[in-house]
2 protein chains.
Amino acid sequence: MAWNRVAVVGAGLIKFGELFEQSYEQMAAGAFNAAVRAVDKGFDPKQVEAAFVATQRGTLWGQEGIGGNTVPTAIGLAGIACTRIENACPSGSDAFRVGAMAVASGVYDVVLVIGVEKMRDKSTEEGLLSRAAAGHPIYTRGETAPVLFAPFATRHMHDYGTTREMLASVAVKNHHNGALDPYAHFQSEITVDDVLKSPAVCTPLHLLDCCPQTDGAAATILVNAERAHEFTDRPVFVAGFGVATDHPYLHEKSTFVGLKATTLASDRAYQMAGIGPSQVDMAEVHDCFTITEILDIEDLGFVEKGKGGVASLDGETSLTGRIPVNTSGGLLAKGHPIGATGVAQLTECWWQLRGDAGERQVEIRNGYALQHNVGGRGSGVSVVNILTNKQ
Amino acid sequence: MAWNRVAVVGAGLIKFGELFEQSYEQMAAGAFNAAVRAVDKGFDPKQVEAAFVATQRGTLWGQEGIGGNTVPTAIGLAGIACTRIENACPSGSDAFRVGAMAVASGVYDVVLVIGVEKMRDKSTEEGLLSRAAAGHPIYTRGETAPVLFAPFATRHMHDYGTTREMLASVAVKNHHNGALDPYAHFQSEITVDDVLKSPAVCTPLHLLDCCPQTDGAAATILVNAERAHEFTDRPVFVAGFGVATDHPYLHEKSTFVGLKATTLASDRAYQMAGIGPSQVDMAEVHDCFTITEILDIEDLGFVEKGKGGVASLDGETSLTGRIPVNTSGGLLAKGHPIGATGVAQLTECWWQLRGDAGERQVEIRNGYALQHNVGGRGSGVSVVNILTNKQ
């Protein structure tokens, strides 16, 4: 498997939150401008040859779903090739992979990957997450996202003695990190007690075990690595990636203590990058719920299966821990504007690998950062990207 | 611009029509099986490493929009990488381009591109096309697809003397071709008089100037050209492609007698393929309305600007004409299941280049076939793919 190397020379995002005052197009433009400004040696936007826009649904009724069609004009680049990538919660991370392949193919030298999602313009009832679970006419009625993940929590508790305090420790850590991240939706510390006493959503998941509904946008600029020096002396490279699917329905799952798509996607990404999980210095993973991060760090190979809860409680995934996870605040504190999420996670990895993460900076020993999303019906799709600062 | 060559070794579709009796997943499986069966030396489905699924919206309320998540299980390949590509009417053709880049990148050797769309499960009022035009809060109210294209017809008539008979001749030709295509939604001949006397939809476009709403699915199998001989002795290759965007709103258009995105996309595709329009032996183009085909054949360079109507009336685009267009019946007769459309057009090009088009077979002199879609808000995006049978 030989492929041209791909460099990330710019990345940025807008402040995540409830952005009622901004249109979808304004959010896209904000993220694009942030990525352009982040290019060390300057960047003429006209250099973009092709763009990939990640949006899961936009504002549902506003048709911003066709972002491939509207984003070029919004960022002043009408005319460029532009394609919308949708892959459920990993939409942003998959758009990054597709953008990387577009550069690796030799067809384009300069590609924009941009994720944008408005989650708040409609009521929760009409909104995205209440609609994420249609499917089998009998089995899947009433499924919302918390209902999809709660059985994984109860089974993990049953099999491995995971406790609600362990779940809560994930939220406490990520809110701590979010409080250090100027782009996070939530920037306040919380305590284990806050999580335990927050209202139940779907037992054993309470409100603070769940990520918020957040508007946001993020962008990265990818170039042929041979041209990286034109843009920066500190490029970050795409080391590998992997995508995997699983049966989309819960009643077809082979296990409730892990997400098979994550394991398979990360195996593929590690193989492509030629590394194992022990060489990863930090990771941005899909913590839509506290239990999800616990499953993730096990499925990605950072801790043994069943030990994710204990590892979280023990601080192994904190900023100064063995393997810092969700240094940006994660979905729980930074927020989860679906199409933007993966691209924003990759931006955090880019900052960390370049030593630009400020108060959130972790120690980079081996030079690898991993980004992960999982989602879709029955968590049936996962994407993993691995970045490196190694020349 | 150096890129690895990509070969198309299998392609197929299901019979287009009103497929109330088939689920989205069944349609996908039917198309996949057709493409697998079309591989000359046989094909083990387990060889597929990654898939790209084109679906514009699926059944709107059924969430089949997340086809990247559900198609792998439907075709017996849960586990593979799978991504949904959405790019308005060119969704299928753009998925093909992204699949080609995935192979060209060297990351995957065997890639499935599959387009699936259910258009008929909801009433027209609730359906796709009545919702294709939201946008500017004042300018775009009431815009449906016919309303978007009718002004191009009236302006073309005004500037170039194009007549309703010329428009009708496009429909007559494409229904003639459709009558020879066992996969077409409509398989009956019509007359110019039938078109002229059909009910007005949006003047000057009448019912038979408009493509129907059709369910359908189509699939192609792409491989690294170096491995093409494992699958067939008659491969077809990807010669080039181009994508372009334009301002999405009608009130920002610089012209109403052409679609700028098509011109730009085809310029890029011709450049990549190293050919010009005169070397194209046949073309499948976006005839969502009769006027659209007239614009297309001008914008793609097959006839001079303004001469598209006369050329159509004179039979230049018929099966035995100078440049046969929409030999499959086109969107007007074969139908326009959005995500499937481009992939089905590419299947027709594949058949024609291999000499497998039966009664519809045209003369292949130079070995090039062109496929084209245009769509989205204000026809703001176009994709062109060029295939060749040259070794």
# chains A, B, ... in the order shown; residues from 1 in each chain; ligands from 1
>>> residues_around(residues="segment 157-169 of chain B", least_positions_apart="4", cutoff="10 Å", atoms="only C-alpha atoms", output="PyMOL selection string")
chain B and resi 151-153+173-175+190-196+204-206+208-209+256-257+289-294+305-315
>>> interface_residues(of="chain B", to="chain A", cutoff="6 Å", atoms="only C-alpha atoms", output="MDAnalysis selection string")
chainID B and resid 1:3 68:69 73 78:81 83:87 101:102 104:107 243:247 380:381
>>> atom_distance(atom1="atom CA of Phe237 of chain A", atom2="atom CA of Asp181 of chain A")
23.6 Å
>>> select_by_dssp(residues="segment 203-370 of chain A", states="helix (DSSP H, G or I)", output="PyMOL selection string")
chain A and resi 207-209+225-230+250-252+260-273+277-279+290-299+308-313+330-333+338-354+358-360
>>> select_by_dssp(residues="segment 65-132 of chain A", states="strand (DSSP E or B)", output="list in words")
Ala81, Cys82, Thr83, Arg84, Ile85, Glu86, Val110, Val111, Leu112, Val113, Ile114, Gly115, Val116 and Glu117 of chain A
>>> atom_distance(atom1="atom CA of Arg360 of chain A", atom2="atom CA of Asp287 of chain A")
17.9 Å
>>> atom_distance(atom1="atom CA of Phe43 of chain A", atom2="atom CA of Gln345 of chain A")
22.1 Å
>>> closest_residue(among="B:Gly216, B:Pro45, B:Gly178, B:Gly30", to="Ile338 of chain B", atoms="only C-alpha atoms")
B:Gly216
>>> decode(residues="segment 234-260 of chain B", atoms="N, CA and C atoms", output="short mmCIF file (atom, residue, chain, number, x, y, z; two decimals), in the first residue's frame")
data_model
loop_
_atom_site.label_atom_id
_atom_site.label_comp_id
_atom_site.auth_asym_id
_atom_site.auth_seq_id
_atom_site.Cartn_x
_atom_site.Cartn_y
_atom_site.Cartn_z
N ARG B 234 -11.53 -7.10 -20.76
CA ARG B 234 -12.07 -5.91 -21.43
C ARG B 234 -12.35 -4.80 -20.42
N PRO B 235 -11.32 -4.34 -19.70
CA PRO B 235 -11.58 -3.28 -18.72
C PRO B 235 -11.87 -1.95 -19.39
N VAL B 236 -12.55 -1.11 -18.67
CA VAL B 236 -12.74 0.28 -19.07
C VAL B 236 -12.01 1.12 -18.02
N PHE B 237 -11.39 2.19 -18.44
CA PHE B 237 -10.58 2.99 -17.52
C PHE B 237 -11.18 4.37 -17.28
N VAL B 238 -10.84 4.91 -16.11
CA VAL B 238 -11.22 6.30 -15.80
C VAL B 238 -10.19 7.20 -16.46
N ALA B 239 -10.64 7.99 -17.42
CA ALA B 239 -9.71 8.86 -18.15
C ALA B 239 -9.56 10.21 -17.46
N GLY B 240 -10.63 10.68 -16.83
CA GLY B 240 -10.56 11.97 -16.17
C GLY B 240 -11.89 12.34 -15.55
N PHE B 241 -11.88 13.37 -14.72
CA PHE B 241 -13.12 13.85 -14.13
C PHE B 241 -12.95 15.30 -13.71
N GLY B 242 -14.06 15.95 -13.50
CA GLY B 242 -14.02 17.33 -13.05
C GLY B 242 -15.28 17.66 -12.28
N VAL B 243 -15.12 18.48 -11.27
CA VAL B 243 -16.25 18.95 -10.47
C VAL B 243 -16.15 20.46 -10.40
N ALA B 244 -17.28 21.14 -10.46
CA ALA B 244 -17.25 22.59 -10.30
C ALA B 244 -18.53 23.06 -9.62
N THR B 245 -18.41 24.14 -8.89
CA THR B 245 -19.55 24.77 -8.24
C THR B 245 -19.80 26.14 -8.88
N ASP B 246 -20.99 26.66 -8.60
CA ASP B 246 -21.36 28.00 -9.05
C ASP B 246 -22.19 28.62 -7.92
N HIS B 247 -22.45 29.90 -8.01
CA HIS B 247 -23.32 30.53 -7.02
C HIS B 247 -24.64 29.76 -6.96
N PRO B 248 -25.14 29.50 -5.77
CA PRO B 248 -26.32 28.64 -5.69
C PRO B 248 -27.66 29.32 -5.96
N TYR B 249 -27.70 30.62 -6.05
CA TYR B 249 -28.99 31.28 -6.20
C TYR B 249 -29.18 31.85 -7.60
N LEU B 250 -30.40 31.76 -8.10
CA LEU B 250 -30.68 32.23 -9.45
C LEU B 250 -30.37 33.71 -9.62
N HIS B 251 -30.64 34.47 -8.55
CA HIS B 251 -30.46 35.91 -8.68
C HIS B 251 -28.98 36.31 -8.74
N GLU B 252 -28.09 35.34 -8.58
CA GLU B 252 -26.65 35.60 -8.70
C GLU B 252 -26.08 35.07 -10.00
N LYS B 253 -26.92 34.50 -10.85
CA LYS B 253 -26.44 33.91 -12.10
C LYS B 253 -25.94 34.98 -13.05
N SER B 254 -24.87 34.67 -13.77
CA SER B 254 -24.35 35.61 -14.77
C SER B 254 -24.99 35.36 -16.13
N THR B 255 -25.63 34.21 -16.32
CA THR B 255 -26.27 33.91 -17.59
C THR B 255 -27.45 32.97 -17.36
N PHE B 256 -28.43 33.04 -18.27
CA PHE B 256 -29.54 32.10 -18.23
C PHE B 256 -29.60 31.26 -19.51
N VAL B 257 -28.50 31.25 -20.26
CA VAL B 257 -28.48 30.38 -21.44
C VAL B 257 -27.38 29.34 -21.35
N GLY B 258 -26.90 29.11 -20.14
CA GLY B 258 -25.89 28.08 -19.94
C GLY B 258 -25.70 27.85 -18.46
N LEU B 259 -25.10 26.72 -18.11
CA LEU B 259 -24.83 26.42 -16.71
C LEU B 259 -23.31 26.42 -16.52
N LYS B 260 -22.85 27.46 -15.83
CA LYS B 260 -21.42 27.71 -15.70
C LYS B 260 -20.69 26.53 -15.05
#
